[in-house]
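Student: One file is attached below, start26.cif, containing mmCIF, C-alpha atoms.
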```cif
data_target
#
loop_
_atom_site.label_atom_id
_atom_site.label_comp_id
_atom_site.auth_asym_id
_atom_site.auth_seq_id
_atom_site.Cartn_x
_atom_site.Cartn_y
_atom_site.Cartn_z
CA MET A 204 76.03 82.22 35.58
CA ALA A 205 73.38 80.59 37.75
CA ASN A 206 71.08 77.65 37.11
CA ILE A 207 67.42 77.52 38.04
CA GLN A 208 66.47 73.93 38.89
CA SER A 209 63.14 72.17 39.01
CA PRO A 210 61.91 71.61 42.58
CA VAL A 211 59.74 68.63 41.53
CA PRO A 212 59.32 66.16 38.66
CA GLY A 213 56.56 66.93 36.15
CA THR A 214 55.86 68.85 32.96
CA PHE A 215 57.62 72.19 32.49
CA TYR A 216 55.91 75.17 30.89
CA HIS A 217 57.59 78.39 29.72
CA ARG A 218 54.26 80.27 29.72
CA PRO A 219 51.49 80.98 32.23
CA SER A 220 48.92 79.76 29.64
CA PRO A 221 49.09 78.62 26.02
CA GLU A 222 47.95 82.08 24.79
CA ASP A 223 50.51 84.04 26.82
CA ALA A 224 54.12 84.88 26.10
CA ALA A 225 56.93 83.11 27.97
CA PHE A 226 57.59 84.32 31.52
CA LYS A 227 61.08 85.46 30.51
CA SER A 228 63.00 86.10 27.30
CA PRO A 229 66.78 86.18 26.84
CA GLY A 230 68.12 89.48 28.14
CA ASP A 231 65.26 90.12 30.60
CA SER A 232 66.31 91.10 34.08
CA VAL A 233 65.41 88.58 36.81
CA ALA A 234 64.77 89.57 40.44
CA VAL A 235 64.78 87.15 43.39
CA GLY A 236 61.34 85.53 43.53
CA ASP A 237 60.46 86.15 39.86
CA THR A 238 58.54 83.27 38.31
CA ILE A 239 60.33 81.85 35.27
CA GLY A 240 58.04 78.89 34.53
CA LEU A 241 55.55 76.35 35.84
CA VAL A 242 55.89 72.66 36.61
CA GLU A 243 52.67 70.67 36.46
CA VAL A 244 52.35 67.66 38.72
CA MET A 245 49.46 66.04 40.64
CA LYS A 246 46.89 68.34 39.02
CA SER A 247 48.63 71.49 40.27
CA PHE A 248 50.99 74.02 38.77
CA ILE A 249 54.06 74.91 40.82
CA GLU A 250 55.70 78.25 40.14
CA VAL A 251 59.44 78.00 39.62
CA GLN A 252 61.03 81.09 41.12
CA ALA A 253 64.51 82.56 40.80
CA GLU A 254 66.51 82.34 44.01
CA GLU A 255 69.05 84.86 42.82
CA ALA A 256 68.94 87.96 40.65
CA GLY A 257 70.57 88.27 37.22
CA THR A 258 69.92 88.48 33.51
CA PHE A 259 67.88 85.73 31.86
CA ALA A 260 70.10 83.72 29.48
CA ASP A 261 67.64 81.11 28.18
CA TYR A 262 65.46 78.15 28.97
CA ALA A 263 67.46 74.94 29.20
CA VAL A 264 64.57 72.61 28.31
CA GLU A 265 61.72 72.81 25.80
CA ASN A 266 58.25 74.05 26.64
CA GLU A 267 56.12 71.06 27.83
CA ALA A 268 59.21 68.90 28.44
CA ALA A 269 59.07 66.14 31.05
CA VAL A 270 61.51 67.08 33.82
CA SER A 271 62.94 65.46 36.96
CA ALA A 272 63.55 67.17 40.29
CA GLY A 273 66.87 69.01 40.13
CA ASP A 274 66.89 69.36 36.31
CA VAL A 275 68.19 72.72 35.11
CA LEU A 276 65.23 74.60 33.61
CA ALA A 277 66.84 77.92 32.80
CA THR A 278 70.12 79.77 33.18
CA LEU A 279 70.95 83.30 34.29
CA LYS A 280 74.05 85.22 33.30
CA MET B 499 57.64 67.90 72.14
CA THR B 500 56.89 69.80 68.96
CA PHE B 501 58.39 70.78 65.65
CA GLU B 502 57.60 73.76 63.49
CA VAL B 503 56.99 73.74 59.75
CA ILE B 504 59.25 76.34 58.11
CA LYS B 505 58.43 75.21 54.53
CA PRO B 506 55.86 72.48 53.86
CA GLY B 507 57.30 71.22 50.56
CA LEU B 508 54.84 70.34 47.82
CA LEU B 509 52.38 68.20 49.75
CA THR B 510 53.42 66.92 53.16
CA THR B 511 50.81 65.09 55.18
CA ILE B 512 50.63 63.23 58.45
CA GLN B 513 50.09 59.54 57.69
CA ASP B 514 50.08 56.24 59.55
CA LEU B 515 48.96 52.85 58.24
CA GLY B 516 45.41 54.12 57.60
CA ARG B 517 41.84 53.69 58.86
CA PRO B 518 40.42 50.41 57.56
CA GLY B 519 36.77 49.64 58.17
CA TYR B 520 34.97 52.67 56.70
CA PHE B 521 35.39 52.16 52.96
CA HIS B 522 31.79 50.92 52.69
CA LEU B 523 30.76 54.36 54.00
CA GLY B 524 32.85 56.10 51.36
CA ILE B 525 35.79 56.91 53.64
CA PRO B 526 39.00 55.56 52.13
CA GLU B 527 41.57 53.60 54.11
CA GLY B 528 44.13 56.34 53.60
CA GLY B 529 47.54 55.99 55.20
CA ALA B 530 51.02 55.92 53.70
CA MET B 531 51.21 55.21 49.96
CA ASP B 532 54.36 53.17 50.63
CA ARG B 533 53.35 51.41 53.82
CA ALA B 534 56.53 49.35 54.09
CA ALA B 535 58.65 52.53 54.07
CA MET B 536 56.42 54.06 56.77
CA ARG B 537 56.76 50.90 58.88
CA ILE B 538 60.55 50.84 58.45
CA ALA B 539 60.86 54.56 59.28
CA ASN B 540 59.02 53.81 62.53
CA MET B 541 61.17 50.74 63.30
CA LEU B 542 64.29 52.88 62.86
CA VAL B 543 63.27 55.18 65.73
CA GLY B 544 61.82 52.41 67.93
CA ASN B 545 58.17 53.38 67.37
CA PRO B 546 55.27 50.99 66.95
CA GLU B 547 54.89 50.47 63.18
CA ASP B 548 51.50 52.16 63.14
CA ALA B 549 52.78 55.41 64.70
CA ALA B 550 52.07 58.53 62.66
CA GLY B 551 54.84 60.17 60.66
CA LEU B 552 55.08 62.43 57.64
CA GLU B 553 54.70 61.59 53.98
CA ALA B 554 56.30 64.15 51.66
CA VAL B 555 55.89 63.77 47.92
CA PHE B 556 58.60 64.82 45.40
CA MET B 557 59.96 67.54 47.70
CA GLY B 558 61.01 67.48 51.35
CA PRO B 559 59.70 69.91 53.95
CA GLU B 560 61.86 72.14 56.13
CA LEU B 561 61.20 71.47 59.82
CA LYS B 562 62.61 73.15 62.93
CA PHE B 563 62.66 71.03 66.06
CA ASN B 564 61.77 72.67 69.38
CA HIS B 565 63.04 69.68 71.40
CA ASP B 566 65.74 67.06 71.02
CA ALA B 567 64.40 64.29 68.79
CA LEU B 568 65.38 61.03 67.13
CA VAL B 569 64.35 61.16 63.48
CA SER B 570 64.48 58.74 60.52
CA VAL B 571 63.88 59.09 56.80
CA ALA B 572 62.90 56.18 54.54
CA GLY B 573 61.35 55.61 51.12
CA ALA B 574 62.55 57.72 48.20
CA GLU B 575 66.19 58.69 47.81
CA MET B 576 66.55 62.34 48.73
CA PRO B 577 69.53 64.06 50.39
CA VAL B 578 68.87 64.75 54.10
CA PHE B 579 70.45 67.62 56.05
CA VAL B 580 70.43 68.59 59.72
CA ASP B 581 71.60 72.21 59.97
CA GLY B 582 73.29 71.72 56.60
CA GLU B 583 75.13 68.51 57.62
CA PRO B 584 74.27 65.46 55.49
CA ARG B 585 72.50 62.48 57.09
CA ALA B 586 71.72 59.06 55.61
CA CYS B 587 68.34 57.83 54.37
CA TRP B 588 67.08 54.52 55.82
CA ALA B 589 68.65 55.47 59.15
CA SER B 590 67.77 57.31 62.35
CA PHE B 591 69.76 60.24 63.69
CA ALA B 592 69.57 62.84 66.46
CA VAL B 593 68.16 66.30 65.83
CA LYS B 594 68.79 68.73 68.69
CA ALA B 595 66.40 71.42 69.89
CA GLY B 596 66.70 74.41 67.57
CA GLN B 597 68.09 72.40 64.64
CA THR B 598 66.49 72.31 61.20
CA LEU B 599 65.79 69.23 59.08
CA LYS B 600 65.96 69.96 55.35
CA PHE B 601 66.12 68.04 52.08
CA GLY B 602 67.82 68.27 48.70
CA TYR B 603 66.42 67.38 45.28
CA LEU B 604 64.65 64.05 44.88
CA LYS B 605 66.91 61.45 43.23
CA THR B 606 64.86 58.27 42.87
CA GLY B 607 61.39 57.27 44.06
CA ALA B 608 58.62 59.72 44.84
CA ARG B 609 57.78 59.81 48.55
CA ILE B 610 59.87 60.08 51.69
CA TYR B 611 58.61 59.02 55.10
CA ILE B 612 59.82 60.89 58.17
CA ALA B 613 59.37 59.23 61.56
CA ILE B 614 60.08 60.85 64.89
CA ALA B 615 60.57 58.81 68.08
CA GLY B 616 57.28 59.07 69.95
CA GLY B 617 55.23 59.54 66.77
CA ILE B 618 53.19 62.54 65.73
CA ASP B 619 50.54 63.14 68.35
CA THR B 620 47.68 64.94 66.61
CA PRO B 621 44.19 63.72 67.61
CA PRO B 622 43.20 60.50 65.78
CA ALA B 623 40.03 60.55 63.65
CA LEU B 624 38.15 57.25 63.23
CA GLY B 625 41.12 55.41 64.72
CA SER B 626 43.88 56.92 62.58
CA ARG B 627 45.96 60.09 62.30
CA SER B 628 46.20 59.77 58.51
CA THR B 629 45.28 62.92 56.62
CA TYR B 630 42.41 62.69 54.13
CA PRO B 631 42.41 66.27 52.84
CA ILE B 632 39.30 66.01 50.63
CA GLY B 633 37.28 64.87 53.63
CA ALA B 634 39.11 67.28 56.00
CA LEU B 635 39.71 64.23 58.17
CA GLY B 636 42.64 63.34 60.44
CA GLY B 637 46.16 64.73 60.23
CA PHE B 638 46.77 68.35 61.18
CA GLU B 639 43.32 69.97 61.20
CA GLY B 640 42.33 67.68 58.33
CA ARG B 641 44.79 69.20 55.88
CA ALA B 642 48.35 69.05 54.55
CA LEU B 643 51.02 70.83 56.59
CA ALA B 644 51.51 74.56 56.01
CA ALA B 645 54.27 76.99 56.97
CA GLY B 646 53.95 78.07 60.59
CA ASP B 647 52.22 74.89 61.85
CA THR B 648 53.46 73.60 65.20
CA VAL B 649 53.08 69.83 65.23
CA PRO B 650 52.93 67.83 68.50
CA VAL B 651 55.11 64.73 68.99
CA GLY B 652 54.56 62.00 71.62
CA LYS B 653 57.00 60.78 74.26
CA ALA B 654 59.95 58.88 72.79
CA PRO B 655 59.84 55.12 73.50
CA ALA B 656 62.48 53.53 75.77
CA ASN B 657 64.16 51.78 72.82
CA ALA B 658 64.67 54.97 70.80
CA LYS B 659 68.27 54.71 69.60
CA GLU B 660 70.16 55.30 66.36
CA ARG B 661 69.77 52.47 63.86
CA THR B 662 70.69 51.93 60.21
CA LEU B 663 68.89 49.60 57.82
CA ASP B 664 70.95 47.13 55.80
CA GLN B 665 69.59 48.26 52.42
CA SER B 666 70.42 44.92 50.79
CA LEU B 667 67.27 43.71 52.59
CA LEU B 668 65.09 45.95 50.38
CA ALA B 669 63.53 44.56 47.20
CA THR B 670 65.25 45.54 43.95
CA GLN B 671 62.98 46.87 41.22
CA PRO B 672 63.14 45.96 37.53
CA LYS B 673 63.23 48.72 34.87
CA PRO B 674 60.76 49.49 33.44
CA ALA B 675 58.84 49.11 36.69
CA GLU B 676 56.58 46.08 36.71
CA LEU B 677 53.12 45.99 38.26
CA ARG B 678 51.55 42.57 38.58
CA VAL B 679 47.85 42.43 37.78
CA LEU B 680 45.18 39.91 38.61
CA PRO B 681 42.39 40.22 35.98
CA GLY B 682 39.02 40.63 37.63
CA LEU B 683 35.29 41.18 37.40
CA TYR B 684 34.99 43.02 34.09
CA TRP B 685 38.05 41.64 32.26
CA HIS B 686 35.68 40.08 29.72
CA ARG B 687 34.50 43.53 28.63
CA LEU B 688 37.85 44.08 26.85
CA THR B 689 38.36 42.42 23.48
CA LYS B 690 40.90 39.58 23.39
CA GLY B 691 43.21 41.86 21.40
CA SER B 692 43.01 44.64 23.99
CA GLN B 693 43.55 42.20 26.87
CA GLN B 694 46.84 41.24 25.22
CA GLN B 695 47.70 44.84 24.28
CA PHE B 696 47.27 46.01 27.89
CA PHE B 697 50.13 43.73 28.95
CA ASP B 698 52.26 44.22 25.80
CA ASP B 699 52.32 48.02 25.89
CA GLU B 700 54.78 50.17 27.79
CA TRP B 701 52.88 52.77 29.83
CA ARG B 702 54.15 55.89 31.57
CA VAL B 703 53.00 57.44 34.85
CA ALA B 704 50.89 60.50 34.05
CA PRO B 705 51.72 63.71 35.96
CA GLU B 706 48.18 63.73 37.39
CA ALA B 707 48.90 60.61 39.48
CA ASP B 708 48.18 61.25 43.16
CA ARG B 709 47.06 59.62 46.42
CA MET B 710 43.61 58.86 44.97
CA GLY B 711 44.80 57.12 41.86
CA TYR B 712 47.78 56.55 39.64
CA ARG B 713 47.03 57.29 36.03
CA PHE B 714 49.05 55.78 33.17
CA ARG B 715 49.29 56.80 29.53
CA GLY B 716 51.24 55.94 26.40
CA GLY B 717 49.63 52.59 25.60
CA HIS B 718 47.06 51.83 22.90
CA SER B 719 43.39 52.67 23.42
CA MET B 720 41.47 49.67 24.68
CA GLU B 721 38.61 48.21 22.65
CA PHE B 722 35.48 46.92 24.28
CA VAL B 723 33.32 43.93 23.48
CA GLU B 724 30.18 45.40 21.92
CA ARG B 725 27.01 45.35 23.95
CA GLU B 726 23.88 47.38 24.53
CA GLN B 727 24.57 49.45 27.67
CA PRO B 728 22.43 48.15 30.56
CA PHE B 729 19.71 50.35 32.05
CA GLY B 730 21.28 52.82 34.51
CA ALA B 731 24.80 52.66 33.07
CA GLY B 732 26.42 55.64 31.38
CA SER B 733 26.68 55.73 27.60
CA ASP B 734 30.46 55.16 27.38
CA PRO B 735 31.38 51.50 26.83
CA SER B 736 33.66 51.73 29.91
CA ASN B 737 30.59 52.52 32.05
CA ILE B 738 28.62 50.11 34.19
CA VAL B 739 25.73 50.51 36.57
CA ASP B 740 27.61 51.86 39.63
CA GLY B 741 29.65 49.26 41.48
CA CYS B 742 32.19 48.97 44.28
CA TYR B 743 35.86 49.76 43.73
CA SER B 744 38.68 48.13 45.64
CA TYR B 745 42.14 49.34 46.65
CA GLY B 746 44.37 48.55 43.68
CA SER B 747 41.55 48.14 41.18
CA ILE B 748 42.14 49.34 37.63
CA GLN B 749 39.61 51.32 35.63
CA ILE B 750 40.09 52.66 32.10
CA PRO B 751 37.60 55.52 31.55
CA GLY B 752 36.88 55.79 27.83
CA GLY B 753 39.43 53.03 27.22
CA THR B 754 42.39 55.42 27.05
CA GLU B 755 44.25 55.83 30.36
CA PRO B 756 44.25 53.12 33.05
CA ILE B 757 43.91 54.41 36.62
CA VAL B 758 45.01 52.29 39.59
CA LEU B 759 43.05 53.35 42.67
CA HIS B 760 45.26 53.98 45.70
CA ARG B 761 44.97 54.89 49.41
CA ASP B 762 42.62 57.91 49.11
CA ALA B 763 40.43 56.51 46.32
CA VAL B 764 36.67 56.75 46.07
CA SER B 765 34.87 53.55 47.06
CA GLY B 766 32.59 53.14 44.08
CA GLY B 767 31.41 54.51 40.78
CA GLY B 768 30.34 53.88 37.23
CA TYR B 769 33.49 52.59 35.53
CA PHE B 770 34.17 48.90 35.30
CA THR B 771 37.39 47.59 36.82
CA ILE B 772 39.38 45.19 34.66
CA GLY B 773 41.27 43.75 37.63
CA ALA B 774 43.60 44.84 40.37
CA VAL B 775 47.29 45.42 40.99
CA ILE B 776 48.31 42.80 43.55
CA SER B 777 48.84 43.89 47.16
CA ALA B 778 52.59 43.15 47.00
CA ASP B 779 53.08 45.85 44.35
CA MET B 780 50.94 48.66 45.78
CA ASP B 781 53.78 50.20 47.82
CA LEU B 782 55.90 50.38 44.68
CA ILE B 783 53.25 52.55 42.97
CA GLY B 784 53.70 55.10 45.76
CA GLN B 785 57.34 55.48 44.66
CA LEU B 786 56.70 56.03 40.93
CA GLN B 787 57.54 59.48 39.56
CA PRO B 788 55.66 61.05 36.66
CA ASN B 789 56.82 59.74 33.25
CA THR B 790 58.29 56.54 34.74
CA PRO B 791 57.91 53.68 32.21
CA VAL B 792 55.75 50.86 33.58
CA ARG B 793 54.61 47.48 32.35
CA PHE B 794 51.69 45.49 33.68
CA ARG B 795 52.24 41.74 34.01
CA GLN B 796 49.42 39.22 34.33
CA VAL B 797 49.49 36.86 37.30
CA ASP B 798 47.05 34.35 38.76
CA MET B 799 45.84 34.13 42.35
CA THR B 800 48.59 31.67 43.36
CA GLU B 801 51.34 34.00 42.13
CA ALA B 802 49.63 36.98 43.79
CA LEU B 803 49.51 35.20 47.15
CA ASP B 804 53.11 33.96 46.79
CA ALA B 805 54.19 37.56 46.12
CA ARG B 806 52.30 38.72 49.20
CA HIS B 807 54.01 36.09 51.37
CA GLU B 808 57.40 36.95 49.94
CA ARG B 809 56.84 40.63 50.69
CA LEU B 810 55.73 39.87 54.26
CA ALA B 811 58.77 37.62 54.78
CA ARG B 812 61.08 40.38 53.55
CA LEU B 813 59.49 42.84 55.98
CA GLU B 814 59.77 40.30 58.79
CA LYS B 815 63.51 39.95 58.10
CA ILE B 816 63.92 43.74 58.28
CA ARG B 817 61.88 43.81 61.50
CA ALA B 818 64.18 41.18 63.01
CA THR B 819 67.28 43.29 62.32
CA LEU B 820 65.82 46.57 63.60
CA THR B 821 63.82 45.63 66.68
#
```
Write the structure described by the file as structure tokens, please.

Tutor:
Amino acid sequence: MANIQSPVPGTFYHRPSPEDAAFKSPGDSVAVGDTIGLVEVMKSFIEVQAEEAGTFADYAVENEAAVSAGDVLATLK
Amino acid sequence: MTFEVIKPGLLTTIQDLGRPGYFHLGIPEGGAMDRAAMRIANMLVGNPEDAAGLEAVFMGPELKFNHDALVSVAGAEMPVFVDGEPRACWASFAVKAGQTLKFGYLKTGARIYIAIAGGIDTPPALGSRSTYPIGALGGFEGRALAAGDTVPVGKAPANAKERTLDQSLLATQPKPAELRVLPGLYWHRLTKGSQQQFFDDEWRVAPEADRMGYRFRGGHSMEFVEREQPFGAGSDPSNIVDGCYSYGSIQIPGGTEPIVLHRDAVSGGGYFTIGAVISADMDLIGQLQPNTPVRFRQVDMTEALDARHERLARLEKIRATLT
């Protein structure tokens, strides 16, 4: 079980764009460096990347949620 | 002396206290968003207060020092590590050649200021080392730091020694944050109801807020006193024939989201400004995270000047303990 935390405060997105599917779904395999979501702040989108490999459990916050730095965004199992 | 940027963080720029005197030519003052924190970071390492340091927003950089250095961190609350060992904020500490300065997740505030004894020694542009990225002016080649940059540092001053700030000397902030506003030139363009609403509403910092301006949302839309738009003004009721903007001035394009202009703001344009955040509260804006609840409170000129004097006296007290 590993947590993926937000590097910065902002707005968290599960998807690369409103039309696309979420970056990851429960059960997907996650490699180091895989993007699992985006945080929007200061007019830019920051990719949130996995720092360890595993299996995607789920997102821990809603799409478009306001997040703080260090908030858990998703969990791996 | 130099240090190397291993990871730049989100947006880490070289800043000092700015380059006043060119705003009329369209070049903003620039400089640290939280100038008091930049000054204190410099005091902690024995630098002149206008020495150049680093401003890092929301996320700390990772820096490897090529020489022994005395370093301080001030401003936002963010865990500090030297080769994995924790260090205190609002204090100076030694970093040995080959050691790495790193940061944990931001806890409170928005921007940390990193000072190094001797100050960052990039070439000044128009009298300042502050980075103005849009104008490719100052800082490190006119841009934010990037991985692999080697940044020059000046010679440490004779009084470089470890110091710790007594944090009880810092101002405490109310929650929600309060920004004091002096109504100004175009205040009369808002209806009486909207003038009241502006101060009654609770606003939140929008995620778009940056060094140019801090945008707020969550309050009611403002209503304007009806008029026929003057010749040369845009068609929106928030438009005027272009005028000058000041540091701290508040515009509300379309009446929906107030924007407080900050260090890297444009110097003029076609939106009217309803007033300005007082100088004493501008540093605080630099420490507001996205989604922070904020209220605006109306003050008059006397209160604004009293607040300025109080802020200067507080800084003078800190100066007395650190220098």

Student: Spell out the residues picked by the PyMOL selection byres ((chain A and resi 226) around 12) here, as a VMD selection string.

Tutor: chain A and resid 216 to 225 227 to 229 231 to 233 237 to 241 250 to 253 259 261 to 262 266 277

Student: If you count only C-alpha atoms, which residues fall within 8 Å of Lys280 of chain A, apart from same-chain ones fewer than 4 positions away, as a PyMOL selection string?

Tutor: chain A and resi 204-205+257-260

Student: Identify all chain B residues at most 6 Å from chain A by counting all atoms listed in the file; ligands do not count. Present them as a ChimeraX atom specification.

Tutor: /B:556,603-604,705-708,788

Student: Quick one, how far is atom CA of Glu660 of chain B from atom CA of Leu820 of chain B?

Tutor: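 Going from atom CA of Glu660 of chain B over to atom CA of Leu820 of chain B, I get 10.1 Å.
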
Student: Kindly give the distance, in Å, that separates atom CA of Thr500 of chain B and atom CA of Asp647 of chain B, rounded to a single decimal.

Tutor: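 Going from atom CA of Thr500 of chain B over to atom CA of Asp647 of chain B, I get 9.9 Å.
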
Student: Which value, in Å to one decimal, gives the distance between atom CA of Gly602 of chain B and atom CA of Val578 of chain B?

Tutor: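 Result for atom CA of Gly602 of chain B versus atom CA of Val578 of chain B: 6.5 Å, one decimal.
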
Student: Around (25.8, 47.7, 28.8) in the file's own coordinates, what residues are found within 12 Å if you use all atoms listed in the file, given back as a PDB file with C-alpha atoms, keeping the file's coordinate frame?

Tutor:
```pdb
ATOM      1  CA  TYR B 684      34.990  43.020  34.090  1.00  0.00           C
ATOM      2  CA  ARG B 687      34.500  43.530  28.630  1.00  0.00           C
ATOM      3  CA  PHE B 722      35.480  46.920  24.280  1.00  0.00           C
ATOM      4  CA  VAL B 723      33.320  43.930  23.480  1.00  0.00           C
ATOM      5  CA  GLU B 724      30.180  45.400  21.920  1.00  0.00           C
ATOM      6  CA  ARG B 725      27.010  45.350  23.950  1.00  0.00           C
ATOM      7  CA  GLU B 726      23.880  47.380  24.530  1.00  0.00           C
ATOM      8  CA  GLN B 727      24.570  49.450  27.670  1.00  0.00           C
ATOM      9  CA  PRO B 728      22.430  48.150  30.560  1.00  0.00           C
ATOM     10  CA  PHE B 729      19.710  50.350  32.050  1.00  0.00           C
ATOM     11  CA  GLY B 730      21.280  52.820  34.510  1.00  0.00           C
ATOM     12  CA  ALA B 731      24.800  52.660  33.070  1.00  0.00           C
ATOM     13  CA  GLY B 732      26.420  55.640  31.380  1.00  0.00           C
ATOM     14  CA  SER B 733      26.680  55.730  27.600  1.00  0.00           C
ATOM     15  CA  ASP B 734      30.460  55.160  27.380  1.00  0.00           C
ATOM     16  CA  PRO B 735      31.380  51.500  26.830  1.00  0.00           C
ATOM     17  CA  SER B 736      33.660  51.730  29.910  1.00  0.00           C
ATOM     18  CA  ASN B 737      30.590  52.520  32.050  1.00  0.00           C
ATOM     19  CA  ILE B 738      28.620  50.110  34.190  1.00  0.00           C
ATOM     20  CA  VAL B 739      25.730  50.510  36.570  1.00  0.00           C
ATOM     21  CA  ASP B 740      27.610  51.860  39.630  1.00  0.00           C
ATOM     22  CA  GLY B 768      30.340  53.880  37.230  1.00  0.00           C
ATOM     23  CA  TYR B 769      33.490  52.590  35.530  1.00  0.00           C
ATOM     24  CA  PHE B 770      34.170  48.900  35.300  1.00  0.00           C
TER      25      PHE B 770
END
```

Student: Looking at only C-alpha atoms, which of B:Asn540, B:Tyr611, B:Trp701, B:Val775 is the one that sits closest to Glu575 of chain B?

Tutor: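 Of B:Asn540, B:Tyr611, B:Trp701, B:Val775, the one nearest Glu575 of chain B, counting only C-alpha atoms, is B:Tyr611.
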
Student: For the file shown, report as a ChimeraX atom specification the outcome of the PyMOL selection byres ((chain B and resi 517-525) around 8) at residue level.

Tutor: /B:515-516,526-529,624-626,628,764-766

Student: For the PyMOL selection byres ((chain B and resi 759) around 9), applied here, can you spell out every residue it catches as a list of chain:residue names?

Tutor: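 With the PyMOL selection byres ((chain B and resi 759) around 9) on this model, the match is B:Arg709, B:Met710, B:Gly711, B:Tyr712, B:Arg713, B:Tyr743, B:Ser744, B:Tyr745, B:Gly746, B:Ser747, B:Ile748, B:Gln749, B:Ile757, B:Val758, B:His760, B:Arg761, B:Asp762, B:Ala763, B:Val764, B:Ala774.
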
Student: Excluding Arg795 of chain B and any residue of its chain fewer than 6 positions from it, enumerate the residues within 10 Å of it, using only C-alpha atoms, and give them as a list in words.

Tutor: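 The filter keeps Glu676, Leu677, Arg678, Val679, Leu680, Phe696, Phe697, Asp698 and Val775 of chain B.
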
Student: Choose the residue, out of B:Ala554, B:Ala549, B:Ile783, B:Ala615, that has the smallest atom-to-atom separation from Asn657 of chain B; count only C-alpha atoms.

Tutor: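 The answer is B:Ala615, which sits nearest to Asn657 of chain B.
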
Student: Would you please work out which residue, of B:Gln597, B:Ser692, B:Thr620, B:Ser777, is nearest to Arg809 of chain B when using only C-alpha atoms?

Tutor: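 Distance minimum relative to Arg809 of chain B lands on B:Ser777.
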
Student: Would you compute the box with edges along x, y and z of the file around segment 224-228 of chain A, including every atom the file lists for it and 6 Å extra on each side, and give its centre and edge lengths in Å to one decimal, as JSON?

Tutor:
```
{"center_x": 58.6, "center_y": 84.6, "center_z": 28.8, "size_x": 20.9, "size_y": 15.0, "size_z": 17.4}
```

Student: Compile the contact shell of Leu568 of chain B as a ChimeraX atom specification: residues with an atom at most 8 Å away, counting all atoms listed in the file, same-chain residues fewer than 5 positions apart removed.

Tutor: /B:543,590-593,614-615,658-660

Student: Please work out which residues fall within 7 Å of (66.1, 81.1, 41.9), coordinates as given in the file, with all atoms listed in the file counting, and return them as a ChimeraX atom specification.

Tutor: /A:207,235-236,252-255
